[in-house]
$ cat run_19.cif   # mmCIF, C-alpha atoms
data_coords
#
loop_
_atom_site.label_atom_id
_atom_site.label_comp_id
_atom_site.auth_asym_id
_atom_site.auth_seq_id
_atom_site.Cartn_x
_atom_site.Cartn_y
_atom_site.Cartn_z
CA MET A 23 92.03 186.99 60.33
CA LYS A 24 90.81 183.40 60.33
CA ALA A 25 88.65 184.11 63.36
CA VAL A 26 87.11 187.09 61.60
CA ARG A 27 86.34 184.99 58.52
CA ARG A 28 84.86 182.26 60.70
CA LEU A 29 82.70 184.76 62.57
CA THR A 30 81.56 186.30 59.29
CA ALA A 31 80.67 182.86 57.98
CA VAL A 32 78.78 182.09 61.17
CA LEU A 33 76.77 185.29 61.03
CA ALA A 34 76.07 184.84 57.32
CA THR A 35 74.87 181.30 57.92
CA PHE A 36 72.71 182.44 60.82
CA ALA A 37 71.15 185.10 58.59
CA ILE A 38 70.57 182.61 55.78
CA VAL A 39 69.01 180.06 58.08
CA ALA A 40 66.85 182.67 59.76
CA LEU A 41 65.62 184.07 56.47
CA SER A 42 65.07 180.90 54.48
CA ALA A 43 62.93 177.93 55.29
CA GLY A 44 64.31 174.58 54.25
CA PRO A 45 62.36 171.35 54.32
CA ALA A 46 60.31 171.09 57.49
CA HIS A 47 62.66 169.04 59.63
CA ALA A 48 64.18 171.83 61.64
CA ASP A 49 64.24 169.84 64.83
CA GLU A 50 67.13 167.69 63.65
CA LEU A 51 70.46 169.32 62.84
CA PRO A 52 73.09 167.23 61.06
CA THR A 53 76.78 167.93 60.76
CA GLY A 54 80.04 166.12 60.09
CA CYS A 55 83.77 166.38 59.52
CA ARG A 56 86.84 164.44 58.44
CA ASP A 57 89.98 163.81 60.46
CA SER A 58 92.65 166.45 60.22
CA GLU A 59 95.53 164.27 59.05
CA GLY A 60 94.28 162.36 56.06
CA HIS A 61 93.51 159.00 57.67
CA ASN A 62 90.01 159.13 56.17
CA HIS A 63 88.15 158.80 59.44
CA GLU A 64 84.78 160.48 59.12
CA PHE A 65 82.41 161.76 61.75
CA SER A 66 78.69 162.50 61.61
CA GLY A 67 76.66 164.06 64.40
CA TRP A 68 73.02 165.01 64.90
CA ALA A 69 71.44 167.31 67.46
CA TYR A 70 67.73 167.24 68.34
CA TYR A 71 65.71 170.02 69.87
CA THR A 72 62.20 171.26 70.40
CA THR A 73 60.93 174.82 70.46
CA ASP A 74 58.71 176.14 73.20
CA GLY A 75 58.03 179.84 72.88
CA ALA A 76 61.22 181.74 73.58
CA TYR A 77 63.26 178.62 74.35
CA HIS A 78 64.82 175.67 72.63
CA SER A 79 65.29 172.41 74.47
CA TRP A 80 68.13 170.21 73.22
CA TYR A 81 67.10 166.75 74.28
CA GLU A 82 69.23 164.31 72.31
CA PHE A 83 72.51 163.96 70.43
CA ARG A 84 73.66 161.14 68.19
CA TYR A 85 77.03 160.54 66.61
CA LEU A 86 78.83 158.05 64.46
CA ILE A 87 82.49 157.54 63.54
CA TRP A 88 82.76 155.86 60.17
CA ASN A 89 84.77 155.13 57.03
CA ASN A 90 88.32 153.96 57.86
CA ALA A 91 88.54 151.92 61.04
CA THR A 92 89.90 153.42 64.24
CA GLY A 93 91.58 151.74 67.19
CA GLY A 94 88.33 151.79 69.17
CA LYS A 95 89.32 154.38 71.77
CA SER A 96 88.04 157.55 70.16
CA ASN A 97 86.23 160.26 72.05
CA VAL A 98 83.62 162.86 71.29
CA ASP A 99 83.00 166.11 73.15
CA ILE A 100 79.68 167.86 72.65
CA THR A 101 78.90 171.45 73.53
CA VAL A 102 75.67 173.39 73.20
CA ASN A 103 76.38 177.05 72.62
CA GLU A 104 74.17 180.05 73.16
CA ASN A 105 75.30 183.43 71.94
CA PHE A 106 78.80 181.96 71.43
CA THR A 107 79.04 180.87 75.07
CA VAL A 108 79.13 177.22 76.11
CA ASN A 109 75.92 176.36 77.89
CA TYR A 110 76.38 172.58 78.17
CA ARG A 111 79.34 170.26 77.79
CA TYR A 112 79.59 166.49 77.56
CA ARG A 113 82.76 164.42 77.28
CA SER A 114 82.35 160.87 76.11
CA PRO A 115 84.30 157.97 77.57
CA ASP A 116 87.56 157.22 75.80
CA ASP A 117 86.09 154.11 74.18
CA ARG A 118 84.03 155.19 71.19
CA LYS A 119 84.17 152.67 68.35
CA HIS A 120 83.68 153.20 64.65
CA ASP A 121 80.47 152.16 62.90
CA VAL A 122 78.49 152.39 66.13
CA LEU A 123 75.68 154.94 66.38
CA TYR A 124 75.82 156.44 69.88
CA THR A 125 72.93 158.29 71.50
CA LEU A 126 73.24 160.79 74.35
CA ARG A 127 70.18 161.97 76.23
CA PRO A 128 71.04 164.50 78.93
CA PRO A 129 69.12 163.82 82.16
CA VAL A 130 67.59 167.26 81.78
CA PRO A 131 67.22 168.87 78.33
CA VAL A 132 69.56 171.76 77.68
CA THR A 133 67.64 175.04 77.42
CA THR A 134 68.74 177.96 75.25
CA ARG A 135 67.02 181.20 74.32
CA VAL A 136 65.79 181.62 70.74
CA GLN A 137 66.77 185.27 70.66
CA PHE A 138 70.43 184.28 70.41
CA PRO A 139 72.32 182.22 67.86
CA GLU A 140 72.47 178.66 69.19
CA PHE A 141 74.27 175.62 67.88
CA THR A 142 75.82 172.33 68.87
CA GLU A 143 79.46 171.56 68.27
CA PHE A 144 81.13 168.15 68.22
CA TYR A 145 84.87 167.80 68.79
CA VAL A 146 86.13 164.37 67.83
CA VAL A 147 89.45 162.68 68.57
CA PHE A 148 89.94 159.61 66.38
CA ASP A 149 91.96 156.78 67.89
CA GLU A 150 94.52 156.13 65.17
CA ARG A 151 96.40 152.84 65.52
CA ASN A 152 99.65 153.87 63.88
CA SER A 153 100.27 157.51 64.78
CA GLY A 154 99.06 160.42 66.86
CA ASP A 155 95.32 160.84 67.16
CA PRO A 156 93.83 163.18 64.56
CA HIS A 157 90.77 165.24 65.34
CA CYS A 158 88.09 167.41 63.78
CA THR A 159 85.34 169.80 64.81
CA ALA A 160 81.85 169.91 63.36
CA GLY A 161 79.17 172.43 64.18
CA THR A 162 75.47 172.33 63.38
CA ASP A 163 73.64 175.08 61.62
CA TYR A 164 72.64 178.01 63.78
CA ILE A 165 69.09 178.24 64.98
CA MET B 11 74.92 136.39 34.43
CA GLY B 12 71.50 136.10 32.82
CA LYS B 13 70.21 134.22 35.83
CA TRP B 14 71.42 136.93 38.22
CA ARG B 15 69.86 139.66 36.12
CA TRP B 16 66.59 137.76 36.10
CA LEU B 17 66.78 137.32 39.88
CA ALA B 18 67.51 141.01 40.41
CA GLY B 19 64.58 141.91 38.20
CA ALA B 20 62.31 139.53 40.04
CA LEU B 21 63.36 140.96 43.39
CA ALA B 22 62.73 144.51 42.20
CA VAL B 23 59.29 143.57 40.90
CA GLY B 24 58.57 141.72 44.13
CA ALA B 25 59.60 144.72 46.16
CA TRP B 26 57.47 147.01 44.06
CA VAL B 27 54.46 144.73 44.41
CA ALA B 28 55.04 144.52 48.17
CA LEU B 29 55.29 148.29 48.46
CA SER B 30 52.23 148.83 46.31
CA ALA B 31 50.16 146.30 48.19
CA SER B 32 50.60 147.66 51.69
CA PRO B 33 50.56 151.16 53.08
CA ALA B 34 54.00 152.75 52.97
CA SER B 35 55.14 155.41 55.39
CA ALA B 36 57.49 158.12 54.21
CA GLU B 37 60.57 158.71 56.29
CA THR B 38 63.34 161.31 56.23
CA LEU B 39 67.01 161.07 57.08
CA THR B 40 69.40 163.98 57.35
CA ALA B 41 73.11 164.33 56.69
CA GLY B 42 75.54 167.21 56.91
CA CYS B 43 79.19 168.13 56.89
CA GLU B 44 81.60 171.03 57.03
CA THR B 45 84.83 171.46 55.10
CA PRO B 46 88.07 171.40 57.13
CA ALA B 47 88.24 175.19 57.11
CA ARG B 48 84.61 175.21 58.31
CA TYR B 49 83.56 177.99 55.96
CA GLU B 50 81.44 175.69 53.78
CA ARG B 51 78.58 173.40 54.72
CA LEU B 52 76.48 170.71 53.07
CA THR B 53 73.04 169.88 54.42
CA ALA B 54 71.14 167.01 52.84
CA TRP B 55 67.96 164.98 53.18
CA ALA B 56 67.16 161.48 51.96
CA TYR B 57 63.56 160.32 51.62
CA TYR B 58 62.36 156.74 51.55
CA THR B 59 59.27 154.69 52.09
CA GLN B 60 59.16 151.56 54.09
CA SER B 61 56.97 148.56 53.58
CA ASP B 62 57.49 145.03 54.75
CA ALA B 63 61.09 144.04 54.17
CA PHE B 64 62.07 146.75 51.70
CA HIS B 65 62.96 150.41 51.63
CA ALA B 66 62.37 152.51 48.52
CA TRP B 67 64.56 155.60 48.22
CA TYR B 68 62.75 158.07 46.02
CA GLU B 69 64.04 161.60 46.63
CA PHE B 70 67.04 163.57 47.83
CA GLN B 71 67.49 167.21 48.69
CA TYR B 72 70.69 169.10 49.31
CA ARG B 73 71.93 172.57 49.94
CA LEU B 74 75.42 174.06 49.87
CA ASP B 75 76.27 177.12 51.90
CA GLY B 76 79.43 179.13 52.30
CA LEU B 77 81.08 182.45 51.80
CA ASP B 78 81.63 183.62 48.26
CA LEU B 79 80.62 180.39 46.54
CA GLY B 80 80.36 180.33 42.76
CA ASP B 81 77.58 178.66 40.75
CA LYS B 82 79.44 175.47 39.88
CA ASN B 83 79.02 173.41 43.00
CA ASN B 84 78.36 169.66 42.92
CA VAL B 85 76.82 166.97 45.07
CA ASN B 86 77.46 163.25 44.71
CA ILE B 87 75.23 160.67 46.35
CA TRP B 88 75.66 156.98 47.16
CA ILE B 89 73.16 154.54 48.64
CA TYR B 90 74.74 151.75 50.69
CA GLN B 91 73.34 148.39 51.66
CA ASN B 92 75.42 146.18 53.91
CA SER B 93 78.50 148.36 53.18
CA ASN B 94 78.10 147.95 49.42
CA VAL B 95 77.14 150.73 47.04
CA VAL B 96 73.87 149.86 45.33
CA TRP B 97 73.27 153.18 43.56
CA ASP B 98 75.15 156.38 42.92
CA TYR B 99 74.51 159.78 41.36
CA ARG B 100 76.69 162.69 40.31
CA SER B 101 75.03 166.05 40.01
CA PRO B 102 75.71 168.48 37.20
CA ASP B 103 78.55 170.87 37.83
CA SER B 104 76.10 173.73 38.13
CA LEU B 105 74.47 173.75 41.56
CA THR B 106 73.86 177.23 42.86
CA PRO B 107 74.61 177.91 46.53
CA SER B 108 72.21 178.74 49.35
CA GLU B 109 69.17 177.02 47.93
CA VAL B 110 67.67 173.59 48.27
CA HIS B 111 68.05 171.36 45.20
CA THR B 112 65.80 168.35 44.72
CA LEU B 113 66.53 165.09 42.94
CA THR B 114 63.45 162.92 42.43
CA LEU B 115 64.09 159.49 40.99
CA ASP B 116 61.98 158.19 38.11
CA SER B 117 62.17 154.75 39.69
CA PRO B 118 62.94 154.35 43.38
CA VAL B 119 66.00 152.47 44.52
CA PHE B 120 65.12 149.43 46.61
CA THR B 121 67.19 148.16 49.48
CA TYR B 122 66.52 145.21 51.71
CA GLY B 123 65.71 146.06 55.30
CA GLY B 124 67.60 143.06 56.61
CA PHE B 125 70.84 144.97 56.13
CA ALA B 126 72.13 148.31 57.35
CA GLU B 127 71.31 150.90 54.72
CA TRP B 128 72.31 154.53 54.51
CA THR B 129 73.00 157.36 52.10
CA LYS B 130 76.30 159.19 51.76
CA PHE B 131 76.62 162.66 50.27
CA GLN B 132 79.67 164.53 49.06
CA GLY B 133 79.51 168.29 48.68
CA ILE B 134 82.06 169.97 46.41
CA PHE B 135 82.19 173.72 46.84
CA ASP B 136 83.04 176.09 44.01
CA LEU B 137 85.39 178.64 45.50
CA ARG B 138 86.13 181.52 43.18
CA LEU B 139 89.66 182.19 44.33
CA SER B 140 91.12 178.81 45.29
CA GLY B 141 90.80 175.05 44.93
CA ASP B 142 87.40 173.48 45.57
CA PRO B 143 87.12 171.89 49.02
CA HIS B 144 84.74 169.02 49.69
CA CYS B 145 83.22 167.14 52.58
CA TYR B 146 81.31 163.92 53.18
CA GLY B 147 78.16 163.51 55.22
CA ARG B 148 76.00 160.47 55.77
CA THR B 149 72.66 159.52 57.19
CA GLN B 150 72.11 157.31 60.16
CA PRO B 151 71.71 153.66 59.24
CA ILE B 152 68.23 152.21 58.94
#

$ encode --input "run_19.cif" --output "C-alpha cells"
Amino acid sequence: MKAVRRLTAVLATFAIVALSAGPAHADELPTGCRDSEGHNHEFSGWAYYTTDGAYHSWYEFRYLIWNNATGGKSNVDITVNENFTVNYRYRSPDDRKHDVLYTLRPPVPVTTRVQFPEFTEFYVVFDERNSGDPHCTAGTDYI
Amino acid sequence: MGKWRWLAGALAVGAWVALSASPASAETLTAGCETPARYERLTAWAYYTQSDAFHAWYEFQYRLDGLDLGDKNNVNIWIYQNSNVVWDYRSPDSLTPSEVHTLTLDSPVFTYGGFAEWTKFQGIFDLRLSGDPHCYGRTQPI
C-alpha cells in the first residue's frame, strides 16, 4: 500500500513538474531529509544536469550533512535513476563529516533519456556517536 | 546598547552605500527537502546580490508539493551568518500547494561575506486527514 502511495506521489510530482514551469533554474535540483531516529541530523543534496536534445547529462552532485554533529564517519550513496531503474551508483567513503560541503564529479557525465522520468536519490547513513547509525533517503524532483 | 545599535545602523548604511556604489550581481541558491514519509516536498530559492564584502538577501521563493494537501501550509525561513540567525520569517498559515510563492523584502538583509552564510527553510504541510509533517532544507553556504 505504501509503495502504491509512493508511486502515485512520484507520478503526480512528475506530472506537476512537467506541466508547470518554476523559476528558471531547472539545472539544479535540491533535496534533503532528516535522520530516521530523532537525532536531528539533517542532510541536503543537490544534483546538476544539462539538457542536450533527447538526453540529460548529470555532471555534478553536492551534499552536506548538517545540524547536530555526527561522529565523522557518515556515508552517502547516490543513484541516478531513469525510468525507475538505477543507471549510476556512487558510494562515498565511510568518512563524511558534518558541515562540510562535498562535491562529486563523475569522470564521465551520467546520461539519461528525457522521455523517461529521471531523478537522483541520496541515501545517507549518519554516524551517531551514542547509538546505532540512523539514515534517511532524499530524492530530487523528477525531470 | 545604544552604541551597538548605532554601530549596527552604521554598518547597514555602509553596506547599502557599498552595494549602491558598485555593480551588484544577482545570485540564486536552492534548497529542498522531503518529509520522512516522502510524500511531501519543499523546494525553495533564495536570491541575493553580492558586492564587495556584503551580501544582500532580497527575495525568497518556495513551493510545497504533495498528495492531498490542504490550503493551510506554511514556510519558515532563517538567514544564518557564522552559525547565528540574523533574520527570520514565518509565513501566514495559508500557503496553497503546488504553486510558487514569492516573498520580496522591503529592505534587504545584509550579511558579511567574511563568514559562512546560508538560508534555512522549513516546510509545514497541511494534511487533511492527519498531523502536519514538516521538513528542513538549506542552501549551500556562500

$ resolve_selection --input "run_19.cif" --expression "the PyMOL selection byres ((chain B) within 8 of (chain A))" --output "list in words"
Thr40, Ala41, Gly42, Cys43, Glu44, Thr45, Pro46, Arg48, Tyr49, Thr53, Asp75, Gly76, Leu77, Ser108, Val110, Cys145, Tyr146, Gly147, Arg148 and Gln150 of chain B

$ write_last_selection --input "run_19.cif" --atoms "C-alpha atoms" --output "PDB file, in the frame of the given file"
ATOM      1  CA  THR B  40      69.400 163.980  57.350  1.00  0.00           C
ATOM      2  CA  ALA B  41      73.110 164.330  56.690  1.00  0.00           C
ATOM      3  CA  GLY B  42      75.540 167.210  56.910  1.00  0.00           C
ATOM      4  CA  CYS B  43      79.190 168.130  56.890  1.00  0.00           C
ATOM      5  CA  GLU B  44      81.600 171.030  57.030  1.00  0.00           C
ATOM      6  CA  THR B  45      84.830 171.460  55.100  1.00  0.00           C
ATOM      7  CA  PRO B  46      88.070 171.400  57.130  1.00  0.00           C
ATOM      8  CA  ARG B  48      84.610 175.210  58.310  1.00  0.00           C
ATOM      9  CA  TYR B  49      83.560 177.990  55.960  1.00  0.00           C
ATOM     10  CA  THR B  53      73.040 169.880  54.420  1.00  0.00           C
ATOM     11  CA  ASP B  75      76.270 177.120  51.900  1.00  0.00           C
ATOM     12  CA  GLY B  76      79.430 179.130  52.300  1.00  0.00           C
ATOM     13  CA  LEU B  77      81.080 182.450  51.800  1.00  0.00           C
ATOM     14  CA  SER B 108      72.210 178.740  49.350  1.00  0.00           C
ATOM     15  CA  VAL B 110      67.670 173.590  48.270  1.00  0.00           C
ATOM     16  CA  CYS B 145      83.220 167.140  52.580  1.00  0.00           C
ATOM     17  CA  TYR B 146      81.310 163.920  53.180  1.00  0.00           C
ATOM     18  CA  GLY B 147      78.160 163.510  55.220  1.00  0.00           C
ATOM     19  CA  ARG B 148      76.000 160.470  55.770  1.00  0.00           C
ATOM     20  CA  GLN B 150      72.110 157.310  60.160  1.00  0.00           C
TER      21      GLN B 150
END

$ resolve_selection --input "run_19.cif" --expression "the PyMOL selection byres ((chain A and resi 115) around 10)" --output "PyMOL selection string"
chain A and resi 95-99+112-114+116-118

$ atom_distance --input "run_19.cif" --atom1 "atom CA of B:Asn83" --atom2 "atom CA of B:Gly133"
7.7 Å

$ resolve_selection --input "run_19.cif" --expression "the PyMOL selection byres ((chain A and resi 148) around 7)" --output "PyMOL selection string"
chain A and resi 92+96-97+146-147+149-150+155-157

$ closest_residue --input "run_19.cif" --among "A:Ile100, A:Asn109, A:His120, A:Asp74" --to "A:Val136" --atoms "only C-alpha atoms"
A:Asp74

$ atom_distance --input "run_19.cif" --atom1 "atom CA of B:Leu115" --atom2 "atom CA of B:Ser35"
17.4 Å

$ residues_around --input "run_19.cif" --residues "stretch 78-83 of chain A" --least-positions-apart "6" --cutoff "6 Å" --atoms "all atoms listed in the file" --output "ChimeraX atom specification"
/A:68-72,125-127,131-134

$ atom_distance --input "run_19.cif" --atom1 "atom CA of B:Thr38" --atom2 "atom CA of B:Ala56"
5.7 Å

$ residues_around --input "run_19.cif" --residues "A:Glu104" --least-positions-apart "2" --cutoff "8 Å" --atoms "only C-alpha atoms" --output "list in words"
Val102, Phe106, Thr107, Val108, Asn109, Thr134, Arg135, Phe138, Pro139, Glu140 and Phe141 of chain A

$ closest_residue --input "run_19.cif" --among "B:Pro151, B:Leu105, B:Leu52, B:Asn94" --to "B:Trp128" --atoms "only C-alpha atoms"
B:Pro151

$ closest_residue --input "run_19.cif" --among "B:Arg138, B:Arg51, B:Thr106, B:Val119" --to "B:Lys82" --atoms "all atoms listed in the file"
B:Thr106

$ residues_around --input "run_19.cif" --residues "B:Tyr90" --least-positions-apart "3" --cutoff "8 Å" --atoms "all atoms listed in the file" --output "ChimeraX atom specification"
/B:93-97,126-130

$ residues_around --input "run_19.cif" --residues "B:Gln60" --least-positions-apart "2" --cutoff "8 Å" --atoms "all atoms listed in the file" --output "VMD selection string"
chain B and resid 29 34 to 37 58 62 to 66

$ write_last_selection --input "run_19.cif" --atoms "C-alpha atoms" --output "PDB file, in the frame of the given file"
ATOM      1  CA  LEU B  29      55.290 148.290  48.460  1.00  0.00           C
ATOM      2  CA  ALA B  34      54.000 152.750  52.970  1.00  0.00           C
ATOM      3  CA  SER B  35      55.140 155.410  55.390  1.00  0.00           C
ATOM      4  CA  ALA B  36      57.490 158.120  54.210  1.00  0.00           C
ATOM      5  CA  GLU B  37      60.570 158.710  56.290  1.00  0.00           C
ATOM      6  CA  TYR B  58      62.360 156.740  51.550  1.00  0.00           C
ATOM      7  CA  ASP B  62      57.490 145.030  54.750  1.00  0.00           C
ATOM      8  CA  ALA B  63      61.090 144.040  54.170  1.00  0.00           C
ATOM      9  CA  PHE B  64      62.070 146.750  51.700  1.00  0.00           C
ATOM     10  CA  HIS B  65      62.960 150.410  51.630  1.00  0.00           C
ATOM     11  CA  ALA B  66      62.370 152.510  48.520  1.00  0.00           C
TER      12      ALA B  66
END

$ decode --input "run_19.cif" --residues "stretch 132-145 of chain A" --atoms "N, CA and C atoms" --output "PDB file, in the first residue's frame"
ATOM      1  N   VAL A 132      26.713  11.318 -16.372  1.00  0.00           N
ATOM      2  CA  VAL A 132      25.734  10.233 -16.443  1.00  0.00           C
ATOM      3  C   VAL A 132      24.620  10.663 -17.396  1.00  0.00           C
ATOM      4  N   THR A 133      24.372   9.861 -18.419  1.00  0.00           N
ATOM      5  CA  THR A 133      23.385  10.233 -19.435  1.00  0.00           C
ATOM      6  C   THR A 133      22.076   9.494 -19.204  1.00  0.00           C
ATOM      7  N   THR A 134      20.974  10.240 -19.254  1.00  0.00           N
ATOM      8  CA  THR A 134      19.644   9.631 -19.180  1.00  0.00           C
ATOM      9  C   THR A 134      18.788  10.208 -20.306  1.00  0.00           C
ATOM     10  N   ARG A 135      17.714   9.514 -20.606  1.00  0.00           N
ATOM     11  CA  ARG A 135      16.851   9.936 -21.716  1.00  0.00           C
ATOM     12  C   ARG A 135      15.662  10.744 -21.196  1.00  0.00           C
ATOM     13  N   VAL A 136      15.409  11.885 -21.824  1.00  0.00           N
ATOM     14  CA  VAL A 136      14.381  12.800 -21.325  1.00  0.00           C
ATOM     15  C   VAL A 136      12.974  12.209 -21.431  1.00  0.00           C
ATOM     16  N   GLN A 137      12.816  11.202 -22.239  1.00  0.00           N
ATOM     17  CA  GLN A 137      11.475  10.644 -22.416  1.00  0.00           C
ATOM     18  C   GLN A 137      10.995   9.896 -21.171  1.00  0.00           C
ATOM     19  N   PHE A 138      11.909   9.590 -20.282  1.00  0.00           N
ATOM     20  CA  PHE A 138      11.544   8.856 -19.068  1.00  0.00           C
ATOM     21  C   PHE A 138      11.640   9.765 -17.849  1.00  0.00           C
ATOM     22  N   PRO A 139      10.928   9.405 -16.773  1.00  0.00           N
ATOM     23  CA  PRO A 139      11.163  10.112 -15.518  1.00  0.00           C
ATOM     24  C   PRO A 139      12.590   9.817 -15.049  1.00  0.00           C
ATOM     25  N   GLU A 140      13.288  10.862 -14.651  1.00  0.00           N
ATOM     26  CA  GLU A 140      14.664  10.708 -14.165  1.00  0.00           C
ATOM     27  C   GLU A 140      14.800  11.479 -12.863  1.00  0.00           C
ATOM     28  N   PHE A 141      15.587  10.963 -11.973  1.00  0.00           N
ATOM     29  CA  PHE A 141      15.827  11.668 -10.712  1.00  0.00           C
ATOM     30  C   PHE A 141      17.096  11.136 -10.070  1.00  0.00           C
ATOM     31  N   THR A 142      17.565  11.897  -9.107  1.00  0.00           N
ATOM     32  CA  THR A 142      18.714  11.459  -8.302  1.00  0.00           C
ATOM     33  C   THR A 142      18.233  11.199  -6.887  1.00  0.00           C
ATOM     34  N   GLU A 143      18.773  10.143  -6.301  1.00  0.00           N
ATOM     35  CA  GLU A 143      18.401   9.804  -4.933  1.00  0.00           C
ATOM     36  C   GLU A 143      19.670   9.710  -4.082  1.00  0.00           C
ATOM     37  N   PHE A 144      19.577  10.262  -2.887  1.00  0.00           N
ATOM     38  CA  PHE A 144      20.685  10.216  -1.923  1.00  0.00           C
ATOM     39  C   PHE A 144      20.242   9.344  -0.745  1.00  0.00           C
ATOM     40  N   TYR A 145      21.062   8.395  -0.382  1.00  0.00           N
ATOM     41  CA  TYR A 145      20.814   7.581   0.811  1.00  0.00           C
ATOM     42  C   TYR A 145      21.945   7.876   1.790  1.00  0.00           C
TER      43      TYR A 145
END
